[in-house]
Amino acid sequence: MNFSENNIKQNNNNPILAQADYSLFILVSILVIMSMIFSYSLTVYTVEFFGYEKYHFFLRQFVVGVASIFIMWYLSKKDPSKILGKIGMFCFVFFFTLMVVMPVLPGFLVTESGGANRWIRLPGFSLSPVEFFKIGFVYFISWSFNRKVLNQPKKGLIGDTIILAPYFLFFMIVVFIIAFLQKDLGQVVLLGAILVVLIIFANRSFKIFLALGGLAVIGVVGLIIAAPHRIKRIHSWWSMVQDGILSVLPSSFETYLRIDDLPEPYQVSYSLKAINNGGFFGQGIGLGDVKLGFLSEVHTDFVLAGITEELGLLGLAFISFIILMIIWRIFKISRRVENNIYHLFTVSVALMIIVAFIINSYGISGMIPIKGIAVPFLSYGGSSMLAMSIAIGLVLSISRTMKSNFKG
């Protein structure tokens with residue numbers, strides 16, 4: 001079976017490749033450079049507390065950042081019909097296999113966190129297979145939908161369910177591996193959201209979306225109940241928001257919904273303090289207080305809170321603007337390509353960025369429970385940065401096939 005796009009080019013067997021969308025390349029590179037800067041600024045206390053060398057985190061993120069920029073540039077020069085299928089299917093098969101075998105790998109090959117094995121231990125760094133699997137997952141769904149779903153007429157709830165049943169079954173397997181074995185519900189939510197949106201783009205019956213919505217709610221609740229650590233997170237979140245929510249509900253609800261003696265939402269409380277401390281203009285790069293032992297993982301899961309304290313709401317608005325511009329340009333590329341696989345894949349990459357940014361930003365502000373999702377291109381960590389650089393590099397490659405290349 002040929003996973004290349006050479007056999008499905010539409011109306012043009014010998015396309016003249018245009019120049020890649022280098023505005024997208026520059027926008028992503030800005031975030032990568034900011035990640036390097038704040039990998040130094042936000043890790044001052046962590047370096048001292050654990051006895052690391054002064055530039056430990058900065059040097060690691062610098063190497064990964066430079067490699068990521070080079071990967072994007074290199075892939076932007078390539079013909080997508082020659083690389084997308086190969087890279088996409090490799091990420092799908094290889095990293096899915098890694099996730100399957102991780103629970104039985106010997107201890108010296110894996111890094112355990114919270115009772116789950118999420119990282120493969122390699123010389124000098126650890127690799128998170130799920131970050132790269134996401135690229136393979138969205139490529140495989142895009143490729144398979146083009147072959148099996150897009151050309152099918154609407155067949156109602158039962159008919160569409162039969163067509164989509166193999167995808168639902170495979171997704172359940174992914175849920176078991178990621179949510180149960182790796183205890184990473186956030187990634188499941190992200191992949192589930194992408195799958196649902198791709199089903200929408202595949203023009204399926206509206207009834208199936210209602211059914212999927214109901215099943216998703218039931219599934220998420222079930223996954224939360226099945227894991228005590230998730231229940232604790234829900235309790236911590238509810239302790240912070242219950243007063244506000246119950247104040248707008250009838251008083252009779254308070255009897256059933258108010259819970260006393262809940263755990264203090266420590267991390268989110270200090271995250272909100274950091275955002276408040278930053279004000280409009282921020283305290284200045286390197287001058288934030290919350291990173292000084294008050295908030296753990298400020299350079300990873302809470303990087304937006306740390307940046308807001310130092311750059312203020314103005315800095316957060318700048319980052320949000322850059323993210324929105326990245327998403328807009330990817331959607332613009334998606335609209336202008338004729339190949340269905342390219343269209344679905346680019347939409348998926350934009351969704352990966354949107355969903356991850358929303359989950360993280362809503363989590364650090366207390367609007368939803370914390371999920372541990374990295375901020376694309378900003379959070380410290382090699383796997384997320386490298387995986388997203390591959391995804392953006394493939395989008396840049398695809399941008400060369402647009403019907404009319406755009407600038408500005």
# chains A, B, ... in the order shown; residues from 1 in each chain; ligands from 1
call {"tool": "residues_around", "arguments": {"residues": "Ala305 of chain A", "least_positions_apart": "4", "cutoff": "8 Å", "atoms": "only C-alpha atoms", "output": "PDB file with N, CA, C and O atoms, in the first residue's frame"}}
result
ATOM      1  N   SER A 271      -0.543  31.028  40.162  1.00  0.00           N
ATOM      2  CA  SER A 271      -0.581  31.410  38.752  1.00  0.00           C
ATOM      3  C   SER A 271      -1.356  32.710  38.580  1.00  0.00           C
ATOM      4  O   SER A 271      -0.909  33.630  37.870  1.00  0.00           O
ATOM      5  N   LEU A 272      -2.508  32.810  39.249  1.00  0.00           N
ATOM      6  CA  LEU A 272      -3.310  34.033  39.174  1.00  0.00           C
ATOM      7  C   LEU A 272      -2.579  35.209  39.824  1.00  0.00           C
ATOM      8  O   LEU A 272      -2.687  36.354  39.354  1.00  0.00           O
ATOM      9  N   ALA A 274       0.640  35.592  39.837  1.00  0.00           N
ATOM     10  CA  ALA A 274       1.664  36.008  38.877  1.00  0.00           C
ATOM     11  C   ALA A 274       1.064  36.910  37.807  1.00  0.00           C
ATOM     12  O   ALA A 274       1.643  37.940  37.441  1.00  0.00           O
ATOM     13  N   ILE A 275      -0.107  36.512  37.310  1.00  0.00           N
ATOM     14  CA  ILE A 275      -0.777  37.321  36.286  1.00  0.00           C
ATOM     15  C   ILE A 275      -1.143  38.684  36.845  1.00  0.00           C
ATOM     16  O   ILE A 275      -0.966  39.723  36.191  1.00  0.00           O
ATOM     17  N   VAL A 298       7.026  26.411  36.448  1.00  0.00           N
ATOM     18  CA  VAL A 298       6.621  27.673  35.853  1.00  0.00           C
ATOM     19  C   VAL A 298       7.162  27.801  34.435  1.00  0.00           C
ATOM     20  O   VAL A 298       6.588  28.517  33.602  1.00  0.00           O
ATOM     21  N   GLU A 309       3.757  37.660  34.216  1.00  0.00           N
ATOM     22  CA  GLU A 309       4.284  38.417  35.348  1.00  0.00           C
ATOM     23  C   GLU A 309       5.439  39.312  34.915  1.00  0.00           C
ATOM     24  O   GLU A 309       5.585  40.430  35.408  1.00  0.00           O
ATOM     25  N   ILE A 364      -4.432  27.653  33.557  1.00  0.00           N
ATOM     26  CA  ILE A 364      -3.645  28.499  34.460  1.00  0.00           C
ATOM     27  C   ILE A 364      -4.477  29.644  35.023  1.00  0.00           C
ATOM     28  O   ILE A 364      -4.115  30.241  36.042  1.00  0.00           O
TER      29      ILE A 364
END
call {"tool": "residues_around", "arguments": {"residues": "Ala193 of chain A", "least_positions_apart": "4", "cutoff": "9 Å", "atoms": "only C-alpha atoms", "output": "PyMOL selection string"}}
result
chain A and resi 188-189+197-198+351-352+355
call {"tool": "write_last_selection", "arguments": {"atoms": "all heavy atoms", "output": "PDB file, in the first residue's frame"}}
result
ATOM      1  N   VAL A 188      -5.613  13.166  25.226  1.00  0.00           N
ATOM      2  CA  VAL A 188      -6.801  12.493  24.698  1.00  0.00           C
ATOM      3  C   VAL A 188      -7.853  13.521  24.295  1.00  0.00           C
ATOM      4  O   VAL A 188      -8.485  13.406  23.239  1.00  0.00           O
ATOM      5  CB  VAL A 188      -7.377  11.505  25.731  1.00  0.00           C
ATOM      6  CG1 VAL A 188      -8.767  11.029  25.323  1.00  0.00           C
ATOM      7  CG2 VAL A 188      -6.450  10.313  25.899  1.00  0.00           C
ATOM      8  N   VAL A 189      -8.052  14.536  25.150  1.00  0.00           N
ATOM      9  CA  VAL A 189      -9.004  15.598  24.828  1.00  0.00           C
ATOM     10  C   VAL A 189      -8.594  16.305  23.543  1.00  0.00           C
ATOM     11  O   VAL A 189      -9.425  16.584  22.668  1.00  0.00           O
ATOM     12  CB  VAL A 189      -9.099  16.607  25.994  1.00  0.00           C
ATOM     13  CG1 VAL A 189      -9.936  17.816  25.594  1.00  0.00           C
ATOM     14  CG2 VAL A 189      -9.698  15.937  27.224  1.00  0.00           C
ATOM     15  N   VAL A 197     -13.601  17.439  14.747  1.00  0.00           N
ATOM     16  CA  VAL A 197     -13.605  18.509  13.743  1.00  0.00           C
ATOM     17  C   VAL A 197     -13.352  17.938  12.348  1.00  0.00           C
ATOM     18  O   VAL A 197     -13.982  18.362  11.369  1.00  0.00           O
ATOM     19  CB  VAL A 197     -12.565  19.581  14.087  1.00  0.00           C
ATOM     20  CG1 VAL A 197     -12.458  20.605  12.956  1.00  0.00           C
ATOM     21  CG2 VAL A 197     -12.937  20.289  15.384  1.00  0.00           C
ATOM     22  N   LEU A 198     -12.457  16.953  12.242  1.00  0.00           N
ATOM     23  CA  LEU A 198     -12.209  16.338  10.935  1.00  0.00           C
ATOM     24  C   LEU A 198     -13.444  15.600  10.437  1.00  0.00           C
ATOM     25  O   LEU A 198     -13.703  15.559   9.228  1.00  0.00           O
ATOM     26  CB  LEU A 198     -11.012  15.386  11.017  1.00  0.00           C
ATOM     27  CG  LEU A 198      -9.644  16.043  11.192  1.00  0.00           C
ATOM     28  CD1 LEU A 198      -8.541  14.987  11.117  1.00  0.00           C
ATOM     29  CD2 LEU A 198      -9.411  17.109  10.133  1.00  0.00           C
ATOM     30  N   LEU A 351      -5.511  23.003  14.576  1.00  0.00           N
ATOM     31  CA  LEU A 351      -6.307  22.592  15.735  1.00  0.00           C
ATOM     32  C   LEU A 351      -5.417  22.160  16.897  1.00  0.00           C
ATOM     33  O   LEU A 351      -5.738  22.418  18.063  1.00  0.00           O
ATOM     34  CB  LEU A 351      -7.256  21.455  15.344  1.00  0.00           C
ATOM     35  CG  LEU A 351      -8.425  21.839  14.441  1.00  0.00           C
ATOM     36  CD1 LEU A 351      -9.164  20.589  13.981  1.00  0.00           C
ATOM     37  CD2 LEU A 351      -9.383  22.772  15.166  1.00  0.00           C
ATOM     38  N   MET A 352      -4.297  21.483  16.610  1.00  0.00           N
ATOM     39  CA  MET A 352      -3.377  21.102  17.678  1.00  0.00           C
ATOM     40  C   MET A 352      -2.897  22.328  18.445  1.00  0.00           C
ATOM     41  O   MET A 352      -2.794  22.321  19.671  1.00  0.00           O
ATOM     42  CB  MET A 352      -2.167  20.345  17.104  1.00  0.00           C
ATOM     43  CG  MET A 352      -2.429  18.884  16.800  1.00  0.00           C
ATOM     44  SD  MET A 352      -0.899  17.921  16.651  1.00  0.00           S
ATOM     45  CE  MET A 352      -0.292  18.497  15.085  1.00  0.00           C
ATOM     46  N   VAL A 355      -6.205  24.066  20.339  1.00  0.00           N
ATOM     47  CA  VAL A 355      -6.697  23.323  21.501  1.00  0.00           C
ATOM     48  C   VAL A 355      -5.674  23.339  22.631  1.00  0.00           C
ATOM     49  O   VAL A 355      -6.020  23.539  23.804  1.00  0.00           O
ATOM     50  CB  VAL A 355      -7.066  21.878  21.110  1.00  0.00           C
ATOM     51  CG1 VAL A 355      -7.491  21.074  22.343  1.00  0.00           C
ATOM     52  CG2 VAL A 355      -8.188  21.876  20.073  1.00  0.00           C
TER      53      VAL A 355
END
call {"tool": "residues_around", "arguments": {"residues": "Pro129 of chain A", "least_positions_apart": "3", "cutoff": "12 Å", "atoms": "only C-alpha atoms", "output": "count of residues only"}}
result
34
call {"tool": "select_by_dssp", "arguments": {"residues": "segment 61-123 of chain A", "states": "strand (DSSP E)", "output": "list of chain:residue names"}}
result
A:Val110, A:Thr111, A:Glu112, A:Ser113, A:Ala116, A:Asn117, A:Arg118, A:Trp119, A:Ile120, A:Arg121, A:Leu122
call {"tool": "closest_residue", "arguments": {"among": "A:Ile368, A:His299, A:Ser361, A:Arg329", "to": "Val47 of chain A", "atoms": "only C-alpha atoms"}}
result
A:His299
call {"tool": "closest_residue", "arguments": {"among": "A:Ser399, A:Phe294, A:Ile200, A:Pro106", "to": "Glu338 of chain A", "atoms": "only C-alpha atoms"}}
result
A:Ser399
call {"tool": "closest_residue", "arguments": {"among": "A:Ile231, A:Val66, A:Ile141, A:Ile392", "to": "Val196 of chain A", "atoms": "only C-alpha atoms"}}
result
A:Ile141
call {"tool": "closest_residue", "arguments": {"among": "A:Asn151, A:Ser128, A:Ser379, A:Ser144", "to": "Pro166 of chain A", "atoms": "only C-alpha atoms"}}
result
A:Ser144
call {"tool": "closest_residue", "arguments": {"among": "A:Val175, A:Leu316, A:Leu27, A:Leu181", "to": "Gly279 of chain A", "atoms": "only C-alpha atoms"}}
result
A:Leu316
call {"tool": "residues_around", "arguments": {"residues": "segment 333-336 of chain A", "least_positions_apart": "5", "cutoff": "7 Å", "atoms": "only C-alpha atoms", "output": "compact mmCIF listing (two decimals) with C-alpha atoms, in the first residue's frame"}}
result
# COMPACT_ATOMS: atom_id res chain seq x y z
CA HIS A 343 -6.29 20.29 3.48
CA THR A 346 -3.12 21.52 7.80
CA VAL A 347 -6.48 21.98 9.53
CA SER A 399 2.14 25.86 1.36
CA MET A 402 -1.17 26.51 -3.10
CA LYS A 403 -3.07 27.59 -6.20
call {"tool": "residues_around", "arguments": {"residues": "segment 76-83 of chain A", "least_positions_apart": "2", "cutoff": "8 Å", "atoms": "only C-alpha atoms", "output": "PyMOL selection string"}}
result
chain A and resi 4-6+17+20+72-74+85-87+393-398+400
call {"tool": "write_last_selection", "arguments": {"atoms": "N, CA, C and O atoms", "output": "short mmCIF file (atom, residue, chain, number, x, y, z; two decimals), in the first residue's frame"}}
result
data_model
loop_
_atom_site.label_atom_id
_atom_site.label_comp_id
_atom_site.auth_asym_id
_atom_site.auth_seq_id
_atom_site.Cartn_x
_atom_site.Cartn_y
_atom_site.Cartn_z
N SER A 4 2.18 7.49 -0.06
CA SER A 4 2.61 8.76 -0.63
C SER A 4 1.42 9.47 -1.27
O SER A 4 0.43 8.85 -1.64
N GLU A 5 1.54 10.79 -1.43
CA GLU A 5 0.48 11.55 -2.07
C GLU A 5 0.61 11.54 -3.58
O GLU A 5 -0.24 12.08 -4.28
N ASN A 6 1.66 10.90 -4.12
CA ASN A 6 1.86 10.91 -5.56
C ASN A 6 0.68 10.31 -6.31
O ASN A 6 0.37 10.69 -7.43
N LEU A 17 6.04 24.10 -7.84
CA LEU A 17 6.01 24.46 -6.44
C LEU A 17 6.40 25.92 -6.26
O LEU A 17 7.41 26.38 -6.79
N ALA A 20 7.57 28.79 -0.11
CA ALA A 20 6.85 28.51 1.13
C ALA A 20 6.40 29.81 1.79
O ALA A 20 6.92 30.89 1.51
N MET A 72 12.19 23.28 10.47
CA MET A 72 11.14 23.97 9.73
C MET A 72 11.67 24.48 8.39
O MET A 72 11.00 24.35 7.35
N TRP A 73 12.84 25.10 8.44
CA TRP A 73 13.43 25.62 7.20
C TRP A 73 13.72 24.50 6.21
O TRP A 73 13.41 24.62 5.02
N TYR A 74 14.29 23.40 6.68
CA TYR A 74 14.64 22.28 5.80
C TYR A 74 13.39 21.68 5.15
O TYR A 74 13.37 21.47 3.93
N GLY A 85 3.80 11.86 3.38
CA GLY A 85 3.36 10.50 3.63
C GLY A 85 4.39 9.69 4.41
O GLY A 85 4.03 8.96 5.33
N LYS A 86 5.66 9.84 4.06
CA LYS A 86 6.71 9.08 4.73
C LYS A 86 6.85 9.50 6.20
O LYS A 86 6.89 8.65 7.10
N ILE A 87 6.92 10.81 6.44
CA ILE A 87 7.06 11.29 7.82
C ILE A 87 5.80 11.00 8.62
O ILE A 87 5.87 10.55 9.78
N GLY A 393 6.89 22.51 9.76
CA GLY A 393 7.71 22.31 8.56
C GLY A 393 6.93 21.63 7.44
O GLY A 393 7.04 22.01 6.27
N LEU A 394 6.10 20.65 7.79
CA LEU A 394 5.26 19.98 6.79
C LEU A 394 4.20 20.94 6.24
O LEU A 394 3.89 20.91 5.04
N VAL A 395 3.65 21.79 7.11
CA VAL A 395 2.69 22.79 6.64
C VAL A 395 3.36 23.77 5.68
O VAL A 395 2.79 24.15 4.64
N LEU A 396 4.59 24.18 6.00
CA LEU A 396 5.34 25.07 5.11
C LEU A 396 5.59 24.40 3.76
O LEU A 396 5.51 25.05 2.71
N SER A 397 5.91 23.12 3.80
CA SER A 397 6.10 22.38 2.55
C SER A 397 4.81 22.35 1.75
O SER A 397 4.81 22.58 0.53
N ILE A 398 3.69 22.10 2.42
CA ILE A 398 2.39 22.07 1.74
C ILE A 398 2.04 23.44 1.17
O ILE A 398 1.41 23.55 0.11
N ARG A 400 3.70 25.37 -0.42
CA ARG A 400 4.31 25.54 -1.74
C ARG A 400 3.39 25.06 -2.86
O ARG A 400 3.65 25.34 -4.04
#
call {"tool": "atom_distance", "arguments": {"atom1": "atom CA of Leu249 of chain A", "atom2": "atom CA of Tyr362 of chain A"}}
result
22.3 Å
call {"tool": "residues_around", "arguments": {"residues": "Ile33 of chain A", "least_positions_apart": "6", "cutoff": "10 Å", "atoms": "only C-alpha atoms", "output": "number ranges by chain"}}
result
A: 39, 61-62, 65-66, 69, 377-378
call {"tool": "closest_residue", "arguments": {"among": "A:Phe357, A:Phe90, A:Phe38, A:Phe321", "to": "Tyr139 of chain A", "atoms": "only C-alpha atoms"}}
result
A:Phe90
